[in-house]
Amino acid sequence: MKILVTGKGGREHAILTTLRETSPNAKLYAYPGSDAIAELATCVDARDLVDLVAFMQREKIDLCVAGEESYLVKDRGLSNLCAEAGIPCWGPVKEAAQLEASKVFAKKFLKRHGIPSAAFGVAHTKHEALRAITQYPVVLKFDGLAAGKGVAVCPDEASALEFIDEVFTKRAFGEGDLLIEECLTGPEVSIFVSICEDQYHILMPARDYKRVGDNDLGPNTGGMGAVASRELVDAAMLTDIEERIVKSTVQGLKKDGLRYRGFLYIGLMLTPVGPKVLEFNCRFGDPEAEAVLPMVRGDFAWYLLSAATGELKPGLIHFAEGWSVCVILASAGYPVTSRSGDRIAGLTGLNGASVFHCGTRKSSDGTFETHGGRVLAVVAQGLTRAAARGSVYETVHGISFEGRQLRTDIAKLHFV
Ligand code: AMP
Ligand code: GLY
């Protein structure tokens, strides 16, 4: 089987590693990939998506797996182009991927289908935004892809004004509207669901750590770590999530005629009045994928191919017992800036842990160096949360580079 994964970060490195381990005979490709990914897959160079799909046709690729979100909504959409070319794609068509690309689209979808979520309003101008805010704290969200940086939880007027200026005056994220949302409270959890039209399969729950500093302090990042376990969410809560959120989402997609084949990431807040949806993403989470995927057992490649061709077969995979913890090592200056070119030491002898490369490149002498904000995802498993946490931090201590930043409290508590 020939499989191509789109993307270049830690999530894609984890997807490809799981494919390699569970299907040793599969031939793997990545677009665009990275120096680390090139060690287990052929990295493809293509001018654009049309060129990429032409390559896949020529090469007789059996399955395209969408890692990164941007290609799903770029040009005519990765999945749409694959469909035209007759290539099975695990990732939704552009029309359905609006669930992630447009927060307003997602909020309207949630409302239309009665799926629990925060109350909201939409502002097209600074004036409308100021008028729509009736109380603090308030949550402000830029309506578009902003690499995890387009959301501000504002405790007061000053912080709200600052974000409104970023959106409407400085246009820091480009052109777009602003969502004004009721501020919810409670622990957050990410639920990953494989959806093939009206079939679904709930995967292992996880949570990520978005703030740069310990105790959830400092600015938001792309994610500084993650924890995954079946024990993260108890059975009663999971049933509630399935009944109130997953089923109505799957039915809603069908009612709206949105063809969905792919992972759906549902960001939830477990509020005192039940789980509510914070966001949808139309792909696996990053860094949650790095924590969840090493727990996958079974035939992951056939699972994805079968689902992408219309039949979801949950029995093809299962998840290991216990816990998986992922700690991100970020470069100096992240998330405001990042630094490239710092040599990384200690990448061998990992003692059962895994390291996925988020932002590295090979230097001229063949060793890896930093190349971006989030550099490495270090992941370890254990039967208990404490064991997994102990193991991952032991591995982390052996890996070093100049300016290395990390959180020391990943998975310290069941929820923070
Ligand atoms: P999002 O990209 O929409 O998931 O938002 C990023 C983060 O902002 C979430 O993980 C939450 O921590 C926080 N957040 C988003 N929406 C809300 C809300 N309505 N109430 C409280 N916090 C929120
Ligand atoms: N973990 C956050 C994301 O993948 O968007």
# chains A, B, ... in the order shown; residues from 1 in each chain; ligands from 1

$ residues_near_ligand --ligand "ligand 1" --cutoff "9 Å" --atoms "only C-alpha atoms and all ligand atoms" --output "PyMOL selection string"
chain A and resi 103+117-120+137-141+146-153+180-189+208-211+220+266-269+276-281

$ residues_near_ligand --ligand "ligand 2" --cutoff "6 Å" --atoms "only C-alpha atoms and all ligand atoms" --output "list of chain:residue names"
A:Asp208, A:Gly223, A:Gly285, A:Asp286, A:Pro287, A:Glu288

$ closest_residue --among "A:Arg407, A:Arg374, A:His13, A:Lys255" --to "Phe356 (chain A)" --atoms "only C-alpha atoms"
A:His13

$ closest_residue --among "A:Lys412, A:Arg20, A:Lys254, A:Lys313" --to "Glu197 (chain A)" --atoms "only C-alpha atoms"
A:Lys254

$ closest_residue --among "A:Ile241, A:Leu4, A:Leu16, A:Ala54" --to "Cys89 (chain A)" --atoms "only C-alpha atoms"
A:Leu4

$ select_by_dssp --residues "region 73-146 of chain A" --states "alpha helix (DSSP H)" --output "PyMOL selection string"
chain A and resi 73+78-85+94-101+103-112+126-132

$ residues_around --residues "region 70-75 of chain A" --least-positions-apart "4" --cutoff "8 Å" --atoms "only C-alpha atoms" --output "number ranges by chain"
A: 6, 49, 66, 79, 91-94, 97-98, 101

$ closest_residue --among "A:Gly213, A:Cys196, A:Ala236, A:Val396" --to "Pro314 (chain A)" --atoms "only C-alpha atoms"
A:Cys196

$ closest_residue --among "A:Val50, A:Ala377, A:Leu253, A:Leu270" --to "Leu110 (chain A)" --atoms "only C-alpha atoms"
A:Leu253

$ closest_residue --among "A:Gly322, A:Gly174, A:Gly333, A:Gly9" --to "Leu145 (chain A)" --atoms "only C-alpha atoms"
A:Gly174

$ residues_around --residues "His127 (chain A)" --least-positions-apart "4" --cutoff "10 Å" --atoms "only C-alpha atoms" --output "VMD selection string"
chain A and resid 123 131 to 132 164 168

$ atom_distance --atom1 "CA of Leu78 (chain A)" --atom2 "CA of Thr309 (chain A)"
15.7 Å

$ residues_around --residues "Val65 (chain A)" --least-positions-apart "6" --cutoff "12 Å" --atoms "only C-alpha atoms" --output "JSON, numbers by chain"
{"A": [2, 3, 4, 5, 6, 7, 11, 12, 15, 16, 19, 28, 29, 30, 31, 56, 71, 72, 78, 79, 82, 87, 88, 89, 90, 91, 92, 261, 262, 263, 282, 283, 284, 300, 301, 303, 304, 305, 307, 308]}

$ select_by_dssp --residues "region 287-346 of chain A" --states "strand (DSSP E)" --output "PDB file with N, CA and C atoms, in the first residue's frame"
ATOM      1  N   VAL A 296      -1.823   3.528  19.614  1.00  0.00           N
ATOM      2  CA  VAL A 296      -2.614   2.761  18.634  1.00  0.00           C
ATOM      3  C   VAL A 296      -1.991   1.384  18.401  1.00  0.00           C
ATOM      4  N   ARG A 297      -2.843   0.381  18.451  1.00  0.00           N
ATOM      5  CA  ARG A 297      -2.433  -0.992  18.113  1.00  0.00           C
ATOM      6  C   ARG A 297      -3.324  -1.453  16.969  1.00  0.00           C
ATOM      7  N   GLY A 298      -2.826  -2.409  16.178  1.00  0.00           N
ATOM      8  CA  GLY A 298      -3.656  -2.936  15.087  1.00  0.00           C
ATOM      9  C   GLY A 298      -3.213  -2.380  13.755  1.00  0.00           C
ATOM     10  N   ILE A 317      -8.399  -1.321  14.780  1.00  0.00           N
ATOM     11  CA  ILE A 317      -7.403  -0.764  15.719  1.00  0.00           C
ATOM     12  C   ILE A 317      -7.965  -0.802  17.151  1.00  0.00           C
ATOM     13  N   HIS A 318      -7.086  -0.729  18.112  1.00  0.00           N
ATOM     14  CA  HIS A 318      -7.510  -0.469  19.488  1.00  0.00           C
ATOM     15  C   HIS A 318      -6.418   0.350  20.168  1.00  0.00           C
ATOM     16  N   PHE A 319      -6.717   0.802  21.361  1.00  0.00           N
ATOM     17  CA  PHE A 319      -5.776   1.676  22.061  1.00  0.00           C
ATOM     18  C   PHE A 319      -5.218   0.978  23.294  1.00  0.00           C
ATOM     19  N   TRP A 323      -1.432   5.506  30.115  1.00  0.00           N
ATOM     20  CA  TRP A 323      -1.329   6.928  29.826  1.00  0.00           C
ATOM     21  C   TRP A 323      -0.173   7.215  28.874  1.00  0.00           C
ATOM     22  N   SER A 324      -0.328   8.280  28.110  1.00  0.00           N
ATOM     23  CA  SER A 324       0.737   8.730  27.228  1.00  0.00           C
ATOM     24  C   SER A 324       0.914  10.230  27.457  1.00  0.00           C
ATOM     25  N   VAL A 325       2.147  10.640  27.655  1.00  0.00           N
ATOM     26  CA  VAL A 325       2.410  12.052  27.956  1.00  0.00           C
ATOM     27  C   VAL A 325       3.412  12.603  26.950  1.00  0.00           C
ATOM     28  N   CYS A 326       3.092  13.792  26.422  1.00  0.00           N
ATOM     29  CA  CYS A 326       3.950  14.440  25.427  1.00  0.00           C
ATOM     30  C   CYS A 326       4.410  15.793  25.967  1.00  0.00           C
ATOM     31  N   VAL A 327       5.702  16.013  25.946  1.00  0.00           N
ATOM     32  CA  VAL A 327       6.265  17.311  26.365  1.00  0.00           C
ATOM     33  C   VAL A 327       6.930  17.948  25.151  1.00  0.00           C
ATOM     34  N   ILE A 328       6.540  19.182  24.869  1.00  0.00           N
ATOM     35  CA  ILE A 328       7.140  19.900  23.735  1.00  0.00           C
ATOM     36  C   ILE A 328       8.385  20.664  24.196  1.00  0.00           C
ATOM     37  N   LEU A 329       9.445  20.530  23.413  1.00  0.00           N
ATOM     38  CA  LEU A 329      10.629  21.353  23.630  1.00  0.00           C
ATOM     39  C   LEU A 329      10.589  22.456  22.570  1.00  0.00           C
ATOM     40  N   ALA A 330      10.555  23.708  23.047  1.00  0.00           N
ATOM     41  CA  ALA A 330      10.435  24.836  22.110  1.00  0.00           C
ATOM     42  C   ALA A 330      11.746  25.612  22.079  1.00  0.00           C
TER      43      ALA A 330
END
